[in-house]
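As stored in entry.cif (mmCIF, C-alpha atoms):
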```cif
data_upload
#
loop_
_atom_site.label_atom_id
_atom_site.label_comp_id
_atom_site.auth_asym_id
_atom_site.auth_seq_id
_atom_site.Cartn_x
_atom_site.Cartn_y
_atom_site.Cartn_z
CA MET D 1057 0.00 0.00 0.00
CA SER D 1058 0.97 3.62 -0.33
CA VAL D 1059 3.03 5.55 2.19
CA VAL D 1060 -0.08 7.33 3.48
CA VAL D 1061 -1.79 4.06 4.36
CA ARG D 1062 1.38 2.72 5.96
CA THR D 1063 1.87 5.85 8.08
CA ILE D 1064 -1.73 5.88 9.28
CA ALA D 1065 -1.61 2.15 9.98
CA ARG D 1066 1.58 2.61 12.02
CA MET D 1067 -0.25 5.21 14.10
CA LEU D 1068 -3.49 3.25 14.45
CA VAL D 1069 -2.25 -0.25 15.28
CA PRO D 1070 -1.22 0.58 18.89
CA VAL D 1071 -4.50 2.44 19.45
CA VAL D 1072 -6.53 -0.51 18.17
CA LEU D 1073 -4.56 -2.93 20.34
CA ILE D 1074 -5.00 -0.74 23.42
CA PHE D 1075 -8.73 -0.42 22.78
CA GLY D 1076 -9.02 -4.20 22.41
CA ALA D 1077 -7.14 -4.71 25.67
CA TYR D 1078 -9.43 -2.16 27.35
CA VAL D 1079 -12.56 -3.94 26.14
CA ILE D 1080 -11.18 -7.28 27.39
CA LEU D 1081 -9.94 -6.01 30.77
CA HIS D 1082 -13.16 -4.13 31.57
CA GLY D 1083 -15.39 -6.89 30.24
CA HIS D 1084 -17.08 -7.38 33.60
CA LEU D 1085 -17.89 -3.67 34.01
CA THR D 1086 -18.60 -2.17 30.60
CA PRO D 1087 -20.26 -3.47 27.44
CA GLY D 1088 -18.10 -5.92 25.57
CA GLY D 1089 -15.94 -8.73 26.81
CA GLY D 1090 -13.51 -11.36 25.68
CA PHE D 1091 -15.03 -12.08 22.28
CA GLN D 1092 -15.49 -8.45 21.32
CA GLY D 1093 -12.12 -7.27 22.60
CA GLY D 1094 -10.36 -10.16 20.93
CA ALA D 1095 -12.04 -9.32 17.64
CA VAL D 1096 -11.02 -5.66 17.99
CA ALA D 1097 -7.42 -6.66 18.69
CA ALA D 1098 -7.48 -9.08 15.75
CA SER D 1099 -8.56 -6.21 13.48
CA ALA D 1100 -5.12 -4.70 14.16
CA VAL D 1101 -3.67 -7.80 12.52
CA ALA D 1102 -5.94 -7.21 9.53
CA LEU D 1103 -4.69 -3.61 9.38
CA LEU D 1104 -1.07 -4.79 9.41
CA LEU D 1105 -1.87 -7.35 6.74
CA VAL D 1106 -3.50 -4.79 4.45
CA ALA D 1107 -0.96 -2.05 4.98
CA PHE D 1108 2.35 -3.92 5.11
CA GLY D 1109 1.57 -7.16 3.32
CA THR D 1110 1.85 -10.76 4.38
CA GLU D 1111 5.57 -10.59 5.19
CA SER D 1112 4.94 -8.38 8.23
CA VAL D 1113 2.64 -10.88 9.96
CA LYS D 1114 4.06 -14.16 8.67
CA GLY D 1115 6.00 -14.80 11.88
CA LEU D 1116 2.88 -14.38 14.00
CA LYS D 1117 1.24 -17.62 12.83
CA ALA D 1118 2.83 -19.95 15.37
CA PRO D 1119 2.41 -17.54 18.36
CA PHE D 1120 -1.26 -17.06 17.45
CA SER D 1121 -1.84 -20.81 17.38
CA VAL D 1122 -0.20 -21.20 20.79
CA LEU D 1123 -2.24 -18.26 22.11
CA GLU D 1124 -5.49 -19.86 20.95
CA ASP D 1125 -4.65 -23.20 22.57
CA LEU D 1126 -3.61 -21.52 25.82
CA GLY D 1127 -6.79 -19.45 25.89
CA GLY D 1128 -9.01 -22.48 25.34
CA VAL D 1129 -7.22 -24.55 27.98
CA ALA D 1130 -7.32 -21.66 30.48
CA PHE D 1131 -11.04 -21.22 29.84
CA VAL D 1132 -11.84 -24.86 30.54
CA LEU D 1133 -9.56 -24.89 33.62
CA LEU D 1134 -11.30 -21.79 34.99
CA GLY D 1135 -14.62 -23.55 34.43
CA LEU D 1136 -13.25 -26.59 36.28
CA LEU D 1137 -12.39 -24.37 39.28
CA GLY D 1138 -16.01 -24.52 40.35
CA ILE D 1139 -16.42 -28.26 39.78
CA GLY D 1140 -17.11 -28.69 43.50
CA TYR D 1141 -20.49 -27.06 42.90
CA THR D 1142 -21.14 -27.19 39.16
CA PHE D 1143 -19.06 -26.74 36.03
CA PHE D 1144 -18.54 -22.97 35.49
CA PHE D 1145 -19.58 -22.11 39.05
CA ASN D 1146 -18.18 -18.72 40.01
CA VAL D 1147 -16.12 -19.72 43.07
CA LEU D 1148 -14.07 -16.51 43.25
CA ALA D 1149 -17.07 -14.15 43.34
CA GLY D 1150 -17.30 -12.48 46.72
CA SER D 1151 -14.52 -14.62 48.21
CA GLY D 1152 -12.41 -11.59 49.11
CA GLY D 1153 -9.33 -12.62 47.15
CA LEU D 1154 -8.41 -12.00 43.53
CA PHE D 1155 -11.37 -10.25 41.86
CA GLY D 1156 -13.33 -11.25 44.95
CA SER D 1157 -14.78 -7.98 46.19
CA PRO D 1158 -18.55 -7.97 46.35
CA SER D 1159 -20.11 -5.68 43.80
CA PRO D 1160 -22.05 -2.69 45.17
CA LEU D 1161 -25.76 -3.22 44.61
CA GLY D 1162 -27.75 -0.98 42.33
CA PRO D 1163 -26.30 1.53 39.85
CA ASN D 1164 -22.65 2.24 40.62
CA GLU D 1165 -19.51 3.39 38.86
CA GLY D 1166 -17.98 -0.08 38.85
CA VAL D 1167 -15.22 -1.65 40.95
CA LEU D 1168 -12.45 -3.33 38.96
CA ASN D 1169 -11.74 -5.96 41.63
CA THR D 1170 -15.13 -7.67 41.29
CA GLY D 1171 -16.51 -10.48 39.19
CA GLY D 1172 -14.73 -13.58 40.47
CA THR D 1173 -13.75 -15.81 37.57
CA LEU D 1174 -15.46 -13.59 34.99
CA PRO D 1175 -12.47 -11.27 34.31
CA LEU D 1176 -10.10 -14.25 34.13
CA MET D 1177 -12.43 -15.99 31.66
CA ASN D 1178 -12.60 -12.73 29.70
CA TRP D 1179 -8.81 -12.75 29.42
CA ALA D 1180 -8.79 -16.40 28.37
CA VAL D 1181 -11.49 -15.93 25.74
CA GLY D 1182 -9.93 -12.66 24.56
CA LEU D 1183 -6.56 -14.30 23.98
CA LYS D 1184 -8.33 -17.23 22.31
CA VAL D 1185 -10.29 -15.02 19.91
CA LEU D 1186 -7.24 -12.86 19.16
CA GLY D 1187 -5.19 -15.97 18.44
CA GLY D 1188 -7.91 -17.68 16.42
CA LEU D 1189 -8.92 -14.75 14.23
CA GLY D 1190 -5.30 -13.63 13.90
CA ALA D 1191 -4.26 -17.10 12.76
CA VAL D 1192 -7.13 -17.17 10.24
CA LEU D 1193 -6.10 -13.74 8.89
CA VAL D 1194 -2.44 -14.76 8.59
CA LEU D 1195 -3.44 -17.98 6.83
CA PHE D 1196 -5.64 -16.05 4.40
CA GLY D 1197 -2.77 -13.65 3.75
CA LEU D 1198 -0.30 -16.48 3.18
CA PHE D 1199 -2.72 -18.28 0.88
CA GLY D 1200 -3.89 -15.30 -1.14
CA GLY D 1201 -0.54 -13.59 -1.50
CA ASP D 1202 -0.31 -9.81 -1.84
CA ASP D 1203 0.17 -8.96 -5.48
CA ASP D 1204 -1.63 -5.61 -5.28
CA ARG D 1205 0.74 -4.23 -2.70
CA MET Y 390 -54.89 -25.18 -12.74
CA ARG Y 391 -51.29 -24.76 -11.62
CA ARG Y 392 -51.72 -21.01 -11.46
CA TRP Y 393 -54.78 -21.33 -9.22
CA ALA Y 394 -52.92 -23.70 -6.89
CA ILE Y 395 -50.05 -21.23 -6.56
CA LEU Y 396 -52.52 -18.41 -5.87
CA ALA Y 397 -54.34 -20.45 -3.23
CA GLY Y 398 -51.06 -21.33 -1.51
CA PHE Y 399 -49.99 -17.70 -1.56
CA LEU Y 400 -53.30 -16.56 -0.06
CA VAL Y 401 -53.19 -19.23 2.68
CA VAL Y 402 -49.61 -18.33 3.69
CA THR Y 403 -50.37 -14.60 3.65
CA GLY Y 404 -53.53 -15.13 5.68
CA CYS Y 405 -51.61 -17.13 8.29
CA LEU Y 406 -49.00 -14.37 8.52
CA PHE Y 407 -51.68 -11.71 8.95
CA LEU Y 408 -53.41 -13.86 11.58
CA ALA Y 409 -50.14 -14.24 13.50
CA GLY Y 410 -49.52 -10.51 13.20
CA ALA Y 411 -52.97 -9.63 14.51
CA ARG Y 412 -52.58 -11.89 17.54
CA MET Y 413 -49.08 -10.74 18.46
CA ARG Y 414 -48.32 -9.31 21.89
CA PRO Y 415 -47.35 -5.61 22.15
CA PHE Y 416 -43.99 -4.63 20.66
CA GLY Y 417 -41.08 -5.46 22.95
CA ALA Y 418 -43.19 -7.24 25.54
CA PRO Y 419 -41.56 -10.55 26.49
CA ARG Y 420 -43.61 -13.71 26.71
CA TYR Y 421 -41.93 -14.76 29.92
CA ASP Y 422 -39.88 -12.39 32.06
CA LEU Y 423 -39.11 -14.62 35.04
CA MET Y 424 -35.48 -15.17 34.05
CA ASP Y 425 -35.04 -11.51 33.11
CA ARG Y 426 -36.13 -10.41 36.54
CA TYR Y 427 -33.97 -13.06 38.21
CA PHE Y 428 -30.83 -12.02 36.33
CA ASN Y 429 -31.42 -8.33 36.99
CA ALA Y 430 -32.02 -8.94 40.67
CA TRP Y 431 -29.24 -11.43 41.42
CA SER Y 432 -26.31 -10.99 39.01
CA GLN Y 433 -24.69 -8.34 41.22
CA THR Y 434 -24.98 -10.62 44.24
CA GLU Y 435 -24.18 -14.01 42.77
CA ALA Y 436 -21.63 -13.15 40.08
CA ALA Y 437 -20.45 -9.89 41.73
CA THR Y 438 -20.43 -8.00 38.46
CA ASN Y 439 -22.17 -4.94 37.08
CA ASN Y 440 -22.36 -6.36 33.58
CA VAL Y 441 -25.38 -8.64 33.50
CA VAL Y 442 -24.58 -9.79 29.97
CA THR Y 443 -21.12 -10.96 31.03
CA ALA Y 444 -22.62 -12.64 34.08
CA ILE Y 445 -24.98 -14.60 31.84
CA VAL Y 446 -22.42 -15.42 29.16
CA PHE Y 447 -19.59 -16.54 31.44
CA ASP Y 448 -21.41 -17.68 34.56
CA TYR Y 449 -25.02 -18.74 34.13
CA ARG Y 450 -24.49 -20.01 30.59
CA GLY Y 451 -20.85 -20.97 30.63
CA TYR Y 452 -21.60 -24.08 28.58
CA ASP Y 453 -22.90 -21.87 25.80
CA THR Y 454 -19.65 -19.90 25.75
CA LEU Y 455 -17.67 -23.13 25.75
CA GLY Y 456 -19.64 -24.13 22.67
CA GLU Y 457 -18.89 -20.82 21.00
CA ALA Y 458 -15.21 -21.24 21.75
CA THR Y 459 -15.40 -24.70 20.22
CA VAL Y 460 -17.06 -23.25 17.12
CA LEU Y 461 -14.24 -20.72 16.79
CA PHE Y 462 -11.64 -23.44 17.28
CA THR Y 463 -13.32 -25.59 14.65
CA ALA Y 464 -13.38 -22.66 12.22
CA VAL Y 465 -9.67 -22.02 12.71
CA VAL Y 466 -8.85 -25.71 12.30
CA GLY Y 467 -10.95 -25.83 9.14
CA VAL Y 468 -9.20 -22.81 7.62
CA ALA Y 469 -5.79 -24.21 8.57
CA LEU Y 470 -6.75 -27.54 7.04
CA ILE Y 471 -8.00 -26.09 3.75
CA LEU Y 472 -5.27 -23.47 3.29
CA ARG Y 473 -2.31 -25.69 4.20
CA LYS Y 474 0.60 -26.19 1.91
CA VAL Y 475 0.31 -29.45 0.01
CA LYS Y 476 3.57 -30.98 -1.15
CA ARG Y 477 3.28 -32.67 -4.50
#
```
Now that the file is in, can you turn its structure into structure tokens?
Amino acid sequence: MSVVVRTIARMLVPVVLIFGAYVILHGHLTPGGGFQGGAVAASAVALLLVAFGTESVKGLKAPFSVLEDLGGVAFVLLGLLGIGYTFFFNVLAGSGGLFGSPSPLGPNEGVLNTGGTLPLMNWAVGLKVLGGLGAVLVLFGLFGGDDDR
Amino acid sequence: MRRWAILAGFLVVTGCLFLAGARMRPFGAPRYDLMDRYFNAWSQTEAATNNVVTAIVFDYRGYDTLGEATVLFTAVVGVALILRKVKR
């Protein structure tokens, strides 16, 4: 792509990644969550692919695969945490430890240290979606080539 | 003959649609709101989160999210399988 596109992409990719991380990290307080934040972060990969061609993201294929596997395994393990009650029981909610503060009732501005296993599952699913969609994008780029660069 | 059959079928289907439309409940009114009220009342206590949608997706319906994650995994595996390099 032209130098204008490459310059703008260079400026936008960190912003997109930060916004994706924000959506994932605040998934238990604001609209959005792991899936949405992961998709936003994966769109940065699409931006890189369009602006700089396949060569710039070729090395990310293996890390993305590992990231997807880790996210899936972490998600299932977090679900297994509550196996004493039921699968996916929220054992950390209100326990006082990590993410264990009780949420204030009614409308409130949101406390980050609430939600129990929900924020951790958001991270797991976010990494999984980023890895999965990123791997798909890299594969498409590798398969299609970039002749119109 | 065929034309009349098509017309009759069209009229029957349209009539059924109009009948269903006439007997519909008011716009936006849910048929059952027991679960809605439960989630709104208890998600801040049970899941300790402000975001009721996240509480449902990751806590009350964790199985559903596991299925979605499986769908995503299957999609990635399918793409990797189709777009792999074949040595000839």
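The shortest atom-to-atom distance to chain Y, with all atoms listed in the file taken into account, belongs to D:Ser1159 out of D:Ser1159, D:Asn1178, D:Asn1169, D:Thr1110.
The space between atom CA of D:Lys1184 and atom CA of D:Val1069 spans 19.4 Å.
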Discussion item. Assuming the chain letters and numbering stay as they are in my file, what does the PyMOL selection byres ((chain Y) within 9 of (chain D)) actually select? List them as a ChimeraX atom specification.
Written reply: /Y:433-444,447-452,455,458-459,461-462,464-466,468-469,472-474
Worksheet, complete the sentence: The distance between atom CA of D:Tyr1078 and atom CA of D:Leu1183 is 12.9 Å
Item to complete: Please identify all polymer residues within 10 Å of D:Val1061, counting all atoms listed in the file, omitting same-chain residues fewer than 3 positions from it, and present them as a list in words.
Response: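 Residues meeting the cut-off are Met1057, Ser1058, Ile1064, Ala1065, Arg1066, Met1067, Leu1103, Val1106, Ala1107 and Phe1108 of chain D.
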Item to complete: May I ask for the distance between atom CA of D:Leu1116 and atom CA of D:Gly1094, given in Å to one decimal place?
Response: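 Result for atom CA of D:Leu1116 versus atom CA of D:Gly1094: 15.5 Å, one decimal.
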Discussion item. Which residue is closest to D:Val1101? Choose from D:Gly1152, D:Gly1182, D:Gly1197, D:Gly1138 and count all atoms listed in the file.
Written reply: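 Of D:Gly1152, D:Gly1182, D:Gly1197, D:Gly1138, the one nearest D:Val1101, counting all atoms listed in the file, is D:Gly1197.
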Selection result for the PyMOL selection byres ((chain D and resi 1077) around 9) on this file, as a PDB file with C-alpha atoms, keeping the file's coordinate frame:
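Printed below is result.pdb as written:
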```pdb
ATOM      1  CA  VAL D1072      -6.530  -0.510  18.170  1.00  0.00           C
ATOM      2  CA  LEU D1073      -4.560  -2.930  20.340  1.00  0.00           C
ATOM      3  CA  ILE D1074      -5.000  -0.740  23.420  1.00  0.00           C
ATOM      4  CA  PHE D1075      -8.730  -0.420  22.780  1.00  0.00           C
ATOM      5  CA  GLY D1076      -9.020  -4.200  22.410  1.00  0.00           C
ATOM      6  CA  TYR D1078      -9.430  -2.160  27.350  1.00  0.00           C
ATOM      7  CA  VAL D1079     -12.560  -3.940  26.140  1.00  0.00           C
ATOM      8  CA  ILE D1080     -11.180  -7.280  27.390  1.00  0.00           C
ATOM      9  CA  LEU D1081      -9.940  -6.010  30.770  1.00  0.00           C
ATOM     10  CA  HIS D1082     -13.160  -4.130  31.570  1.00  0.00           C
ATOM     11  CA  GLY D1093     -12.120  -7.270  22.600  1.00  0.00           C
ATOM     12  CA  GLY D1094     -10.360 -10.160  20.930  1.00  0.00           C
ATOM     13  CA  VAL D1096     -11.020  -5.660  17.990  1.00  0.00           C
ATOM     14  CA  ALA D1097      -7.420  -6.660  18.690  1.00  0.00           C
ATOM     15  CA  GLY D1182      -9.930 -12.660  24.560  1.00  0.00           C
TER      16      GLY D1182
END
```
Item to complete: Could you check which of D:Ile1139, D:Trp1179, D:Glu1111, D:Leu1104 is closest to D:Leu1123, using only C-alpha atoms?
Response: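 Between D:Ile1139, D:Trp1179, D:Glu1111, D:Leu1104, the residue approaching D:Leu1123 most closely is D:Trp1179.
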N, CA and C atoms for stretch 1160-1183 of chain D, written as a compact mmCIF listing (two decimals), in the frame of the given file, could you do that?
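Output saved as result.txt:
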```
# COMPACT_ATOMS: atom_id res chain seq x y z
N PRO D 1160 -21.00 -3.51 44.55
CA PRO D 1160 -22.05 -2.69 45.17
C PRO D 1160 -23.37 -2.92 44.45
N LEU D 1161 -24.45 -2.96 45.21
CA LEU D 1161 -25.76 -3.22 44.61
C LEU D 1161 -26.32 -1.94 44.01
N GLY D 1162 -27.13 -2.12 42.97
CA GLY D 1162 -27.75 -0.98 42.33
C GLY D 1162 -26.79 -0.32 41.36
N PRO D 1163 -27.19 0.82 40.77
CA PRO D 1163 -26.30 1.53 39.85
C PRO D 1163 -25.07 2.04 40.58
N ASN D 1164 -23.89 1.75 40.02
CA ASN D 1164 -22.65 2.24 40.62
C ASN D 1164 -21.62 2.40 39.53
N GLU D 1165 -20.50 3.05 39.89
CA GLU D 1165 -19.51 3.39 38.86
C GLU D 1165 -18.63 2.22 38.49
N GLY D 1166 -18.74 1.11 39.22
CA GLY D 1166 -17.98 -0.08 38.85
C GLY D 1166 -16.70 -0.20 39.63
N VAL D 1167 -16.45 -1.36 40.23
CA VAL D 1167 -15.22 -1.65 40.95
C VAL D 1167 -14.47 -2.70 40.14
N LEU D 1168 -13.19 -2.43 39.85
CA LEU D 1168 -12.45 -3.33 38.96
C LEU D 1168 -12.23 -4.69 39.60
N ASN D 1169 -12.11 -4.72 40.94
CA ASN D 1169 -11.74 -5.96 41.63
C ASN D 1169 -12.96 -6.82 41.95
N THR D 1170 -13.94 -6.84 41.07
CA THR D 1170 -15.13 -7.67 41.29
C THR D 1170 -15.23 -8.70 40.16
N GLY D 1171 -16.19 -9.59 40.31
CA GLY D 1171 -16.51 -10.48 39.19
C GLY D 1171 -16.04 -11.91 39.34
N GLY D 1172 -15.16 -12.20 40.31
CA GLY D 1172 -14.73 -13.58 40.47
C GLY D 1172 -13.97 -14.10 39.26
N THR D 1173 -14.44 -15.22 38.71
CA THR D 1173 -13.75 -15.81 37.57
C THR D 1173 -14.07 -15.11 36.26
N LEU D 1174 -15.06 -14.19 36.27
CA LEU D 1174 -15.46 -13.59 34.99
C LEU D 1174 -14.33 -12.83 34.31
N PRO D 1175 -13.56 -11.95 35.01
CA PRO D 1175 -12.47 -11.27 34.31
C PRO D 1175 -11.41 -12.24 33.79
N LEU D 1176 -11.11 -13.29 34.59
CA LEU D 1176 -10.10 -14.25 34.13
C LEU D 1176 -10.59 -14.97 32.87
N MET D 1177 -11.89 -15.34 32.86
CA MET D 1177 -12.43 -15.99 31.66
C MET D 1177 -12.44 -15.03 30.49
N ASN D 1178 -12.67 -13.72 30.78
CA ASN D 1178 -12.60 -12.73 29.70
C ASN D 1178 -11.21 -12.70 29.10
N TRP D 1179 -10.18 -12.73 29.96
CA TRP D 1179 -8.81 -12.75 29.42
C TRP D 1179 -8.60 -13.99 28.57
N ALA D 1180 -9.01 -15.15 29.10
CA ALA D 1180 -8.79 -16.40 28.37
C ALA D 1180 -9.47 -16.34 27.01
N VAL D 1181 -10.76 -15.95 27.01
CA VAL D 1181 -11.49 -15.93 25.74
C VAL D 1181 -10.94 -14.84 24.82
N GLY D 1182 -10.52 -13.71 25.39
CA GLY D 1182 -9.93 -12.66 24.56
C GLY D 1182 -8.68 -13.12 23.85
N LEU D 1183 -7.78 -13.78 24.61
CA LEU D 1183 -6.56 -14.30 23.98
C LEU D 1183 -6.91 -15.35 22.94
```
